[in-house]
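Dumped start-v1.txt below, it's compact mmCIF, C-alpha atoms:
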```txt
# COMPACT_ATOMS: atom_id res chain seq x y z
CA MET A 1 56.13 -188.51 -192.95
CA THR A 2 53.84 -186.18 -191.02
CA GLN A 3 52.75 -186.55 -187.43
CA ASP A 4 49.53 -185.75 -185.62
CA ASN A 5 49.51 -182.62 -183.51
CA GLY A 6 50.19 -183.46 -179.88
CA SER A 7 50.72 -187.14 -180.58
CA ASN A 8 53.63 -189.39 -181.37
CA LEU A 9 51.50 -191.42 -183.72
CA LEU A 10 52.16 -191.26 -187.45
CA LYS A 11 49.30 -189.87 -189.47
CA ALA A 12 47.41 -192.70 -191.13
CA THR A 13 47.19 -192.82 -194.91
CA ASN A 14 43.66 -191.96 -196.05
CA GLU A 15 41.41 -194.78 -197.02
CA ASP A 16 40.04 -194.36 -200.52
CA THR A 17 37.41 -196.01 -202.64
CA SER A 18 38.32 -199.29 -204.30
CA GLY A 19 36.61 -197.89 -207.40
CA PRO A 20 34.51 -200.12 -209.67
CA PHE A 21 37.41 -202.16 -211.03
CA PHE A 22 38.85 -204.20 -208.17
CA PRO A 23 40.53 -206.93 -210.23
CA ILE A 24 38.50 -210.10 -210.57
CA TYR A 25 41.94 -211.52 -211.35
CA PHE A 26 42.78 -211.34 -207.63
CA GLN A 27 39.92 -213.70 -206.80
CA ASP A 28 40.86 -216.56 -204.46
CA GLU A 29 38.21 -219.29 -204.39
CA SER A 30 39.59 -220.69 -201.15
CA LEU A 31 38.45 -217.46 -199.48
CA GLU A 32 34.88 -217.83 -200.80
CA ASP A 33 34.31 -221.28 -199.32
CA LEU A 34 36.05 -221.78 -195.98
CA THR A 35 34.76 -225.36 -195.67
CA VAL A 36 37.10 -226.62 -198.39
CA LEU A 37 40.88 -226.53 -198.02
CA GLY A 38 41.69 -226.91 -201.68
CA PRO A 39 41.71 -229.49 -204.47
CA GLY A 40 42.84 -232.91 -203.34
CA ILE A 41 43.65 -231.94 -199.78
CA VAL A 42 42.59 -234.16 -196.88
CA GLY A 43 41.15 -232.32 -193.91
CA ALA A 44 38.37 -229.90 -193.11
CA PRO A 45 37.40 -227.42 -190.44
CA SER A 46 35.05 -228.62 -187.68
CA GLY A 47 31.54 -227.29 -187.51
CA GLN A 48 28.13 -227.02 -189.15
CA HIS A 49 28.39 -225.91 -192.76
CA ILE A 50 26.41 -222.77 -193.47
CA ILE A 51 25.82 -220.60 -196.51
CA LEU A 52 25.36 -216.90 -195.87
CA CYS A 53 23.81 -215.27 -198.90
CA GLY A 54 21.78 -212.32 -200.03
CA ARG A 55 22.04 -209.02 -201.81
CA VAL A 56 23.92 -205.80 -201.27
CA LEU A 57 21.62 -202.90 -202.17
CA ASP A 58 22.08 -199.18 -202.69
CA ARG A 59 19.87 -196.24 -201.67
CA HIS A 60 17.42 -196.90 -204.50
CA GLY A 61 17.13 -200.64 -203.84
CA ASN A 62 19.37 -201.49 -206.79
CA LEU A 63 22.06 -204.14 -206.52
CA ALA A 64 25.46 -202.71 -205.61
CA ASN A 65 27.48 -204.22 -208.43
CA GLY A 66 31.21 -204.76 -208.06
CA VAL A 67 31.17 -204.82 -204.26
CA LEU A 68 34.11 -206.41 -202.43
CA MET A 69 33.06 -208.24 -199.26
CA GLU A 70 35.32 -209.52 -196.51
CA PHE A 71 34.28 -211.82 -193.69
CA TRP A 72 35.81 -212.49 -190.29
CA GLN A 73 34.59 -214.99 -187.73
CA ALA A 74 35.48 -217.31 -184.90
CA ASN A 75 35.78 -221.07 -185.45
CA ALA A 76 33.12 -223.57 -184.35
CA LYS A 77 34.35 -223.37 -180.76
CA GLY A 78 34.12 -219.57 -180.70
CA ILE A 79 37.88 -218.94 -180.97
CA TYR A 80 39.26 -216.34 -183.37
CA ASN A 81 42.52 -217.14 -185.14
CA SER A 82 44.07 -213.88 -183.92
CA PRO A 83 47.49 -213.21 -182.36
CA ALA A 84 45.78 -212.87 -178.98
CA ASN A 85 44.79 -216.54 -179.18
CA LEU A 86 48.15 -217.90 -180.30
CA GLY A 87 48.51 -221.44 -178.93
CA HIS A 88 44.90 -221.65 -177.75
CA PRO A 89 43.92 -225.35 -177.47
CA ASP A 90 40.59 -224.77 -179.24
CA LEU A 91 42.08 -223.23 -182.39
CA ASP A 92 41.22 -225.19 -185.53
CA SER A 93 44.25 -225.77 -187.75
CA TRP A 94 42.03 -225.86 -190.81
CA PHE A 95 40.08 -222.68 -190.16
CA ASN A 96 41.46 -219.15 -190.43
CA GLY A 97 38.07 -217.42 -190.30
CA TYR A 98 38.86 -214.84 -193.00
CA GLY A 99 36.95 -214.79 -196.28
CA ARG A 100 36.74 -212.51 -199.27
CA LEU A 101 34.70 -212.28 -202.43
CA ARG A 102 33.92 -209.75 -205.12
CA SER A 103 30.37 -209.79 -206.39
CA ALA A 104 29.91 -208.61 -209.97
CA SER A 105 26.13 -208.30 -209.59
CA GLY A 106 25.74 -207.34 -205.93
CA GLU A 107 24.36 -210.76 -204.97
CA TYR A 108 26.63 -212.74 -202.71
CA LYS A 109 27.11 -216.26 -201.37
CA PHE A 110 29.67 -217.11 -198.71
CA CYS A 111 30.22 -220.71 -197.63
CA THR A 112 31.62 -221.24 -194.16
CA ILE A 113 30.91 -222.93 -190.83
CA MET A 114 28.65 -221.64 -188.09
CA PRO A 115 30.84 -219.62 -185.74
CA GLY A 116 30.72 -220.63 -182.09
CA ALA A 117 29.64 -218.24 -179.37
CA SER A 118 32.67 -216.43 -178.06
CA ASP A 119 32.83 -214.96 -174.53
CA SER A 120 29.65 -212.99 -173.91
CA ARG A 121 28.81 -212.85 -177.61
CA ALA A 122 26.23 -214.44 -179.85
CA PRO A 123 27.61 -216.21 -182.93
CA ASN A 124 28.40 -213.55 -185.53
CA ILE A 125 30.39 -212.76 -188.64
CA THR A 126 32.03 -209.37 -189.18
CA ILE A 127 31.43 -208.08 -192.71
CA THR A 128 33.56 -205.38 -194.31
CA LEU A 129 32.36 -203.80 -197.56
CA PHE A 130 34.54 -202.00 -200.06
CA SER A 131 33.05 -200.57 -203.24
CA ASP A 132 32.99 -197.70 -205.66
CA GLY A 133 31.67 -194.56 -203.98
CA ILE A 134 32.67 -195.51 -200.42
CA SER A 135 35.92 -196.30 -198.67
CA ARG A 136 34.96 -199.04 -196.24
CA ILE A 137 31.98 -199.85 -194.07
CA VAL A 138 31.75 -202.54 -191.42
CA THR A 139 29.00 -204.43 -189.65
CA GLN A 140 28.29 -207.74 -187.91
CA VAL A 141 25.70 -210.30 -188.90
CA PHE A 142 23.92 -212.64 -186.44
CA PHE A 143 21.82 -215.75 -186.93
CA GLU A 144 18.09 -216.22 -186.41
CA GLY A 145 17.10 -218.49 -183.57
CA HIS A 146 20.15 -218.16 -181.33
CA LYS A 147 19.21 -217.59 -177.71
CA ALA A 148 22.41 -215.58 -177.19
CA ASN A 149 21.14 -212.90 -179.59
CA GLU A 150 19.01 -211.60 -176.73
CA THR A 151 22.04 -210.79 -174.60
CA ASP A 152 24.63 -209.91 -177.23
CA PRO A 153 26.20 -206.51 -176.39
CA VAL A 154 26.33 -205.36 -180.03
CA LEU A 155 22.70 -206.23 -180.70
CA LYS A 156 21.68 -204.77 -177.33
CA SER A 157 23.31 -201.47 -178.29
CA LEU A 158 20.82 -201.12 -181.17
CA ASP A 159 17.09 -200.44 -181.30
CA THR A 160 14.84 -203.32 -182.31
CA ASP A 161 14.51 -202.19 -185.94
CA ASP A 162 18.29 -202.11 -186.34
CA GLN A 163 18.67 -205.44 -184.54
CA ALA A 164 16.37 -207.07 -187.10
CA ARG A 165 18.51 -205.66 -189.92
CA LEU A 166 21.52 -207.61 -188.65
CA ILE A 167 19.90 -211.01 -188.02
CA ALA A 168 20.17 -213.38 -190.97
CA ARG A 169 16.98 -215.34 -191.62
CA HIS A 170 17.13 -219.14 -191.72
CA GLY A 171 16.26 -220.29 -195.22
CA GLY A 172 16.36 -224.10 -195.10
CA GLN A 173 19.07 -226.55 -195.89
CA THR A 174 21.00 -227.57 -198.99
CA ASP A 175 21.04 -231.17 -200.23
CA GLY A 176 24.56 -231.33 -198.87
CA GLY A 177 23.37 -230.47 -195.36
CA ALA A 178 24.49 -226.84 -195.18
CA GLU A 179 22.15 -224.47 -193.32
CA ILE A 180 21.18 -221.48 -195.45
CA TYR A 181 21.01 -218.00 -193.94
CA LEU A 182 19.73 -214.99 -195.85
CA LEU A 183 20.66 -211.38 -195.28
CA ASP A 184 20.31 -208.33 -197.49
CA ILE A 185 22.67 -205.47 -196.70
CA VAL A 186 21.31 -202.03 -197.48
CA MET A 187 24.14 -199.54 -197.85
CA ALA A 188 22.02 -196.39 -197.59
CA GLY A 189 18.50 -195.06 -197.24
CA VAL A 190 15.26 -196.66 -196.04
CA ASN A 191 16.01 -199.84 -194.09
CA GLU A 192 19.70 -198.89 -194.03
CA THR A 193 21.85 -201.54 -192.37
CA PRO A 194 23.53 -200.28 -189.20
CA PHE A 195 27.27 -199.90 -189.78
CA PHE A 196 29.86 -199.53 -187.04
CA ASP A 197 32.67 -197.07 -186.46
CA ASP A 198 35.70 -199.25 -185.86
CA PHE A 199 38.07 -196.28 -186.09
CA GLU A 200 36.57 -194.15 -183.34
CA SER A 201 34.98 -196.74 -181.07
CA MET B 1 21.21 -197.15 -176.04
CA THR B 2 22.87 -196.57 -179.38
CA GLN B 3 25.93 -194.34 -179.39
CA PHE B 4 26.88 -192.72 -182.66
CA GLY B 5 30.27 -192.09 -184.23
CA ARG B 6 31.33 -190.51 -187.51
CA GLN B 7 28.99 -189.40 -190.26
CA LEU B 8 30.54 -190.47 -193.55
CA GLY B 9 30.83 -187.83 -196.26
CA ILE B 10 29.40 -188.14 -199.76
CA GLY B 11 31.83 -187.39 -202.59
CA PRO B 12 30.66 -184.30 -204.50
CA THR B 13 29.63 -185.08 -208.12
CA ASP B 14 30.07 -188.82 -207.39
CA ASN B 15 26.77 -190.56 -208.21
CA THR B 16 27.88 -193.90 -206.80
CA SER B 17 28.90 -192.24 -203.55
CA ASP B 18 25.41 -190.73 -203.36
CA GLN B 19 23.86 -194.15 -203.93
CA ARG B 20 26.05 -196.10 -201.52
CA THR B 21 27.11 -193.91 -198.61
CA PRO B 22 25.22 -194.68 -195.38
CA ARG B 23 23.05 -191.72 -194.36
CA LYS B 24 22.95 -192.52 -190.66
CA PRO B 25 26.04 -191.93 -188.52
CA LEU B 26 28.13 -195.01 -187.77
CA ARG B 27 27.34 -196.75 -184.49
CA LEU B 28 30.03 -196.96 -181.82
CA ILE B 29 31.09 -200.50 -180.96
CA PRO B 30 30.54 -201.53 -177.33
CA SER B 31 34.04 -201.92 -175.88
CA VAL B 32 33.54 -205.60 -174.98
CA ALA B 33 33.00 -206.36 -178.68
CA ARG B 34 35.77 -204.22 -180.09
CA GLU B 35 38.37 -206.92 -180.79
CA SER B 36 35.82 -209.01 -182.66
CA PHE B 37 35.71 -206.30 -185.35
CA VAL B 38 39.42 -206.63 -186.22
CA PRO B 39 39.98 -209.22 -188.96
CA VAL B 40 43.32 -210.99 -189.24
CA VAL B 41 44.19 -211.81 -192.83
CA PRO B 42 46.12 -215.09 -193.10
CA ALA B 43 49.32 -214.92 -195.18
CA ARG B 44 48.46 -217.46 -197.86
CA TYR B 45 49.21 -215.57 -201.03
CA VAL B 46 49.63 -216.87 -204.54
CA ILE B 47 51.87 -214.44 -206.46
CA ARG B 48 53.91 -214.83 -209.63
CA THR B 49 57.46 -213.64 -209.11
CA HIS B 50 57.43 -211.22 -212.05
CA GLU B 51 54.33 -209.35 -210.92
CA TRP B 52 56.41 -206.55 -209.37
CA ASP B 53 57.18 -205.32 -212.92
CA MET B 54 53.83 -204.26 -214.35
CA THR B 55 55.46 -202.29 -217.21
CA ARG B 56 55.31 -205.52 -219.24
CA ILE B 57 53.02 -208.53 -219.23
CA ALA B 58 55.85 -210.99 -218.61
CA PRO B 59 59.66 -210.97 -218.62
CA GLY B 60 61.07 -210.51 -222.11
CA ARG B 61 57.90 -208.94 -223.49
CA PRO B 62 57.74 -205.37 -224.87
CA ARG B 63 56.80 -202.57 -222.56
CA GLY B 64 53.38 -200.97 -222.58
CA ASP B 65 52.71 -197.52 -224.04
CA GLY B 66 53.53 -194.52 -221.88
CA THR B 67 55.95 -193.67 -219.10
CA PRO B 68 57.46 -196.48 -217.03
CA ILE B 69 57.62 -195.52 -213.36
CA GLU B 70 58.82 -197.01 -210.08
CA VAL B 71 56.79 -196.76 -206.87
CA THR B 72 58.49 -197.53 -203.57
CA GLY B 73 57.65 -197.00 -199.95
CA THR B 74 57.51 -198.38 -196.45
CA LEU B 75 54.42 -199.81 -194.81
CA ARG B 76 54.08 -198.98 -191.13
CA ASN B 77 51.50 -198.83 -188.41
CA GLU B 78 50.78 -195.60 -186.55
CA ASN B 79 53.49 -196.34 -184.00
CA GLY B 80 56.05 -196.47 -186.80
CA THR B 81 56.54 -200.23 -186.65
CA PRO B 82 57.17 -201.69 -190.12
CA ILE B 83 54.55 -204.18 -191.31
CA ARG B 84 56.35 -207.11 -192.89
CA ASP B 85 55.00 -209.84 -195.17
CA ALA B 86 51.96 -207.77 -196.06
CA LEU B 87 50.29 -208.34 -199.41
CA ILE B 88 49.93 -205.28 -201.64
CA GLU B 89 47.54 -205.73 -204.53
CA ILE B 90 48.02 -203.08 -207.20
CA TRP B 91 45.88 -202.05 -210.16
CA ASN B 92 45.93 -199.05 -212.47
CA ALA B 93 44.57 -197.89 -215.81
CA ASN B 94 46.84 -197.98 -218.83
CA HIS B 95 48.44 -194.96 -220.51
CA HIS B 96 45.13 -194.28 -222.26
CA GLY B 97 43.03 -194.44 -219.09
CA ARG B 98 41.55 -197.91 -219.68
CA TYR B 99 41.45 -200.79 -217.20
CA ARG B 100 41.90 -204.33 -218.43
CA HIS B 101 38.68 -205.21 -216.60
CA VAL B 102 35.63 -206.79 -218.18
CA GLU B 103 33.38 -204.15 -216.60
CA ASP B 104 35.30 -201.11 -217.92
CA ALA B 105 32.94 -200.00 -220.69
CA SER B 106 34.71 -196.70 -221.39
CA GLY B 107 35.75 -197.76 -224.88
CA LEU B 108 39.19 -196.25 -224.34
CA GLN B 109 42.13 -197.96 -226.02
CA LEU B 110 43.47 -201.21 -224.59
CA ASP B 111 47.23 -201.75 -224.74
CA GLU B 112 48.27 -205.25 -225.80
CA ASN B 113 51.46 -204.89 -223.76
CA PHE B 114 49.92 -203.76 -220.50
CA PHE B 115 48.09 -205.86 -217.92
CA GLY B 116 47.65 -203.31 -215.13
CA MET B 117 47.46 -205.71 -212.17
CA GLY B 118 50.23 -206.95 -209.91
CA ARG B 119 50.99 -208.11 -206.38
CA VAL B 120 54.01 -207.62 -204.14
CA VAL B 121 54.80 -208.49 -200.52
CA THR B 122 56.56 -206.15 -198.09
CA ASP B 123 60.03 -207.24 -196.95
CA GLU B 124 61.12 -207.69 -193.32
CA ASP B 125 61.55 -203.91 -192.96
CA GLY B 126 58.11 -203.17 -194.39
CA ASN B 127 59.49 -201.94 -197.73
CA TYR B 128 57.83 -202.51 -201.06
CA ARG B 129 58.66 -201.71 -204.66
CA PHE B 130 56.96 -202.13 -208.02
CA TRP B 131 57.17 -200.82 -211.57
CA THR B 132 54.18 -199.86 -213.66
CA ILE B 133 53.16 -197.57 -216.51
CA SER B 134 52.05 -194.12 -215.41
CA PRO B 135 48.25 -194.30 -215.67
CA GLY B 136 46.19 -192.00 -217.86
CA ALA B 137 43.51 -189.74 -216.41
CA TYR B 138 40.03 -190.49 -217.71
CA LEU B 139 36.73 -188.69 -218.06
CA ALA B 140 34.58 -190.04 -215.22
CA ARG B 141 31.56 -187.76 -215.75
CA PRO B 142 31.29 -186.80 -219.42
CA ASP B 143 28.04 -184.95 -218.69
CA ILE B 144 29.78 -182.40 -216.48
CA GLY B 145 33.33 -182.79 -217.81
CA ARG B 146 34.82 -184.17 -214.58
CA TRP B 147 37.98 -186.24 -214.92
CA ARG B 148 39.44 -188.77 -212.55
CA PRO B 149 43.04 -187.72 -211.98
CA LYS B 150 45.87 -190.19 -212.57
CA HIS B 151 45.92 -192.69 -209.72
CA ILE B 152 47.14 -196.15 -208.73
CA HIS B 153 44.97 -198.40 -206.53
CA LEU B 154 46.66 -200.22 -203.64
CA SER B 155 45.01 -202.82 -201.42
CA ILE B 156 47.02 -203.79 -198.34
CA SER B 157 46.39 -206.94 -196.30
CA GLY B 158 48.79 -207.97 -193.58
CA GLY B 159 47.69 -209.53 -190.30
CA SER B 160 45.27 -207.05 -188.76
CA ALA B 161 46.41 -204.27 -191.11
CA ARG B 162 43.85 -203.69 -193.85
CA LEU B 163 43.70 -200.67 -196.11
CA ILE B 164 42.48 -199.87 -199.59
CA THR B 165 43.83 -196.56 -200.84
CA GLN B 166 45.06 -194.76 -203.96
CA MET B 167 48.32 -193.01 -204.79
CA TYR B 168 47.81 -189.79 -206.71
CA PHE B 169 50.40 -187.77 -208.66
CA PRO B 170 51.76 -184.31 -207.81
CA ASN B 171 50.68 -181.18 -209.70
CA GLU B 172 47.87 -182.88 -211.62
CA PRO B 173 45.21 -180.42 -212.78
CA ASN B 174 42.35 -182.83 -211.96
CA ASN B 175 43.37 -183.50 -208.36
CA ALA B 176 41.43 -180.55 -206.93
CA SER B 177 38.06 -181.59 -208.37
CA ASP B 178 38.26 -185.28 -207.45
CA PRO B 179 35.40 -186.23 -205.10
CA MET B 180 37.50 -188.49 -202.89
CA ALA B 181 40.32 -185.92 -202.73
CA ILE B 182 37.76 -183.32 -201.66
CA LEU B 183 36.57 -185.63 -198.86
CA MET B 184 40.19 -186.06 -197.68
CA GLY B 185 40.67 -182.28 -197.41
CA ASP B 186 44.18 -181.22 -196.40
CA GLY B 187 45.02 -184.86 -195.74
CA PHE B 188 45.00 -185.46 -199.51
CA GLU B 189 48.71 -184.49 -199.52
CA ASN B 190 49.40 -187.80 -197.76
CA ASN B 191 48.05 -189.68 -200.75
CA ILE B 192 50.32 -188.02 -203.32
CA GLY B 193 53.54 -189.81 -204.31
CA LYS B 194 56.78 -187.83 -203.91
CA THR B 195 59.07 -187.78 -206.93
CA TYR B 196 62.67 -188.98 -206.87
CA GLU B 197 65.50 -189.38 -209.37
CA THR B 198 65.63 -192.65 -211.29
CA SER B 199 68.57 -191.97 -213.65
CA ASP B 200 70.22 -195.21 -212.47
CA LEU B 201 67.07 -197.28 -213.11
CA ASP B 202 65.30 -198.54 -216.23
CA VAL B 203 62.26 -196.33 -215.54
CA ASP B 204 61.62 -192.64 -216.26
CA GLU B 205 60.05 -191.46 -213.00
CA GLY B 206 60.12 -192.54 -209.36
CA TYR B 207 57.45 -191.99 -206.70
CA ARG B 208 57.88 -192.50 -202.97
CA PHE B 209 54.63 -193.52 -201.29
CA ASP B 210 54.99 -194.36 -197.61
CA ILE B 211 51.86 -195.93 -196.18
CA VAL B 212 50.64 -195.81 -192.59
CA VAL B 213 47.82 -198.17 -191.64
CA GLY B 214 45.99 -196.75 -188.68
CA GLY B 215 42.81 -196.38 -186.78
CA ARG B 216 41.20 -199.57 -185.71
CA ASN B 217 44.10 -201.96 -185.48
CA ALA B 218 46.11 -201.01 -182.41
CA THR B 219 45.00 -204.12 -180.57
CA PHE B 220 46.94 -206.69 -182.49
CA PHE B 221 50.07 -204.84 -183.54
CA GLU B 222 53.34 -206.07 -182.09
```

Produce structure tokens that represent the structure in this file.
Amino acid sequence: MTQDNGSNLLKATNEDTSGPFFPIYFQDESLEDLTVLGPGIVGAPSGQHIILCGRVLDRHGNLANGVLMEFWQANAKGIYNSPANLGHPDLDSWFNGYGRLRSASGEYKFCTIMPGASDSRAPNITITLFSDGISRIVTQVFFEGHKANETDPVLKSLDTDDQARLIARHGGQTDGGAEIYLLDIVMAGVNETPFFDDFES
Amino acid sequence: MTQFGRQLGIGPTDNTSDQRTPRKPLRLIPSVARESFVPVVPARYVIRTHEWDMTRIAPGRPRGDGTPIEVTGTLRNENGTPIRDALIEIWNANHHGRYRHVEDASGLQLDENFFGMGRVVTDEDGNYRFWTISPGAYLARPDIGRWRPKHIHLSISGGSARLITQMYFPNEPNNASDPMAILMGDGFENNIGKTYETSDLDVDEGYRFDIVVGGRNATFFE
């Protein structure tokens, strides 16, 4: 195994594209709807049900077919289920906060609960995209109408055009009472979604 | 004010990379928000126990066409600490270069004895092992005659470790022209399996592929 010059750290294996054929076979429906524990199981996470949906688009405005999306968020009380919060009294036993789906068409729909505001942050969901042609790109999505958006440090680090590209629009309510939020993610080109550098930051 | 980080490269001769690679440099994350960008994948995996042997569809079934190989390695973080209980999802084309995937429209031959998808979990020392059939290279750009070299896809999820990568094979003629290999530069060597003897095993070739998950995840490693 090789080592970095002047560092004791091991050299990280290169990320690579997932290619177009990430197996649909690996699909796990429990990661596409975090409000449901599984068939026949009593219990549910606390919080307002929401549906985050939209399209992932390429440089020409075409749907990015075959995209793998991963989601990461705090629970309704704003607490992430991370090792740093082990034993935290406001953890929700029924909410891990990690979701994953593969979209064949490029349209997506993720069912979850509205994350709480955590520390100095506005409610947000981290989205990681894997697809053919790229290795991995990461961003965070926010929700229209939250007062805390005005003071969120991530949003504040962006210009107003880029801020708007990360705020999901409220799109009504389902018959079941879930709030619908709409966000298109543009991978490249005009109206490109701002993506973040979580390696170098 | 926005601070910018890396500019991602576009894979040469890769149309999808041209369509999907962000053109603006990545934005740096304000330090107060950094931890929020590190997902933790819960260990709730559903795996069939025979999935480590991808050379056949199920125990007792005939082997697929081509060369059966073993791939082994250790999963570590950049500090060298083994990552245990991590899920490794594996997929590769069959001997003829065809994926058993509904969206693979190449028309290449399917193999009725090869599935091409499997999952394993690293042991307490971060080690993993699986068997598969050595994948075929396939013509990715018929218009310009560019092939994708033989490769195996690996997706790793374990706590805050998350990596999707590919293992390539040594001395393959198509390695040098692969767009993703070109983007990796000299670092491509790290993504090539290293051969070892398998005379005592029921496979024909062995490849060592040690994996280091790095970069963003220092916060939550033990």

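The residue that comes closest to B:Trp52, out of B:Asp125, B:Asp65, B:Asp18, B:Glu89 and on the basis of all atoms listed in the file, is B:Glu89.
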
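When all atoms listed in the file are used to compute distances to B:Pro42, the closest of the residues B:Asn77, B:Ala86, B:Val121, B:His101 turns out to be B:Ala86.
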
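The residue that comes closest to B:Tyr99, out of A:Ala84, A:Ile24, A:Glu150, A:Met114 and on the basis of all atoms listed in the file, is A:Ile24.
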
Of the candidates B:Asp111, B:Asp178, B:Glu70, B:Asp202, which shows the shortest atom-to-atom distance to chain A, using all atoms listed in the file?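 Once distances to chain A are computed over all atoms listed in the file, the minimum belongs to B:Asp178.
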
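The part of chain A that reaches within 6 Å of chain B is made up of A:Leu9, A:Leu10, A:Ala12, A:Thr13, A:Glu15, A:Asp16, A:Asp58, A:Arg59, A:Trp72, A:Gly133, A:Ile134, A:Ser157, A:Leu158, A:Met187, A:Ala188, A:Phe195, A:Phe196, A:Asp197, A:Asp198, A:Phe199, A:Ser201, counting all atoms listed in the file.
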
Restricting the calculation to only C-alpha atoms, which member of B:Asn94, B:Thr81, B:Gln109, B:Thr72 is positioned closest to B:Glu124?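 Among B:Asn94, B:Thr81, B:Gln109, B:Thr72, it is B:Thr81 that comes nearest to B:Glu124.
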
Quick one, how far is atom CA of B:Thr122 from atom CA of B:Arg208? 14.6 Å

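With distances restricted to all atoms listed in the file, A:Asp132 is the closest residue to A:Gly66 from A:Glu29, A:Glu144, A:Asp92, A:Asp132.
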
Polymer residues at most 9 Å from A:Ala148, all atoms listed in the file, same-chain spacing of 2 or more positions, as a ChimeraX atom specification: /A:117,120-123,145-146,150-152

What does the distance from atom CA of A:Ile51 to atom CA of A:Glu179 come to in Å, to one decimal?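 Between atom CA of A:Ile51 and atom CA of A:Glu179 the gap is 6.2 Å.
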
Find the residues around stretch 33-35 of chain A up to 10 Å (only C-alpha atoms counted), leave out those fewer than 4 positions away in its own chain, and share them as a PDB file with C-alpha atoms, in the coordinates of the input.
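Result written to around.pdb:
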```pdb
ATOM      1  CA  ASP A  28      40.860-216.560-204.460  1.00  0.00           C
ATOM      2  CA  GLU A  29      38.210-219.290-204.390  1.00  0.00           C
ATOM      3  CA  GLY A  43      41.150-232.320-193.910  1.00  0.00           C
ATOM      4  CA  ALA A  44      38.370-229.900-193.110  1.00  0.00           C
ATOM      5  CA  PRO A  45      37.400-227.420-190.440  1.00  0.00           C
ATOM      6  CA  SER A  46      35.050-228.620-187.680  1.00  0.00           C
ATOM      7  CA  GLY A  47      31.540-227.290-187.510  1.00  0.00           C
ATOM      8  CA  GLN A  48      28.130-227.020-189.150  1.00  0.00           C
ATOM      9  CA  HIS A  49      28.390-225.910-192.760  1.00  0.00           C
ATOM     10  CA  ILE A  50      26.410-222.770-193.470  1.00  0.00           C
ATOM     11  CA  ILE A  51      25.820-220.600-196.510  1.00  0.00           C
ATOM     12  CA  TRP A  94      42.030-225.860-190.810  1.00  0.00           C
ATOM     13  CA  PHE A  95      40.080-222.680-190.160  1.00  0.00           C
ATOM     14  CA  ASN A  96      41.460-219.150-190.430  1.00  0.00           C
ATOM     15  CA  GLY A  97      38.070-217.420-190.300  1.00  0.00           C
ATOM     16  CA  TYR A  98      38.860-214.840-193.000  1.00  0.00           C
ATOM     17  CA  GLY A  99      36.950-214.790-196.280  1.00  0.00           C
ATOM     18  CA  ARG A 100      36.740-212.510-199.270  1.00  0.00           C
ATOM     19  CA  LEU A 101      34.700-212.280-202.430  1.00  0.00           C
ATOM     20  CA  LYS A 109      27.110-216.260-201.370  1.00  0.00           C
ATOM     21  CA  PHE A 110      29.670-217.110-198.710  1.00  0.00           C
ATOM     22  CA  CYS A 111      30.220-220.710-197.630  1.00  0.00           C
ATOM     23  CA  THR A 112      31.620-221.240-194.160  1.00  0.00           C
ATOM     24  CA  ILE A 113      30.910-222.930-190.830  1.00  0.00           C
TER      25      ILE A 113
END
```

Could you tell me how far atom CA of A:Arg102 lies from atom CA of B:Asn127, in Å and to one decimal?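 Computing it gives 27.7 Å between the two atoms.
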
Compute the distance from (58.8, -201.4, -223.4) to each atom, counting all atoms listed in the file, keep the residues with any atom at most 12 Å away, and return them as a PyMOL selection string; use the coordinates of the file. chain B and resi 53-69+111-114+131-133+202-204

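With only C-alpha atoms taken into account, every residue lying no more than 8 Å from the file point (40.8, -186.6, -210.8) is included here: Ala137, Tyr138, Arg146, Trp147, Arg148, Pro149, Lys150, Pro173, Asn174, Asn175, Ala176, Ser177, Asp178 and Pro179 of chain B.
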
Write out as a VMD selection string the residues lying within 7 Å of A:Gly78, counting all atoms listed in the file and excluding same-chain residues fewer than 6 positions away. chain A and resid 115 to 118
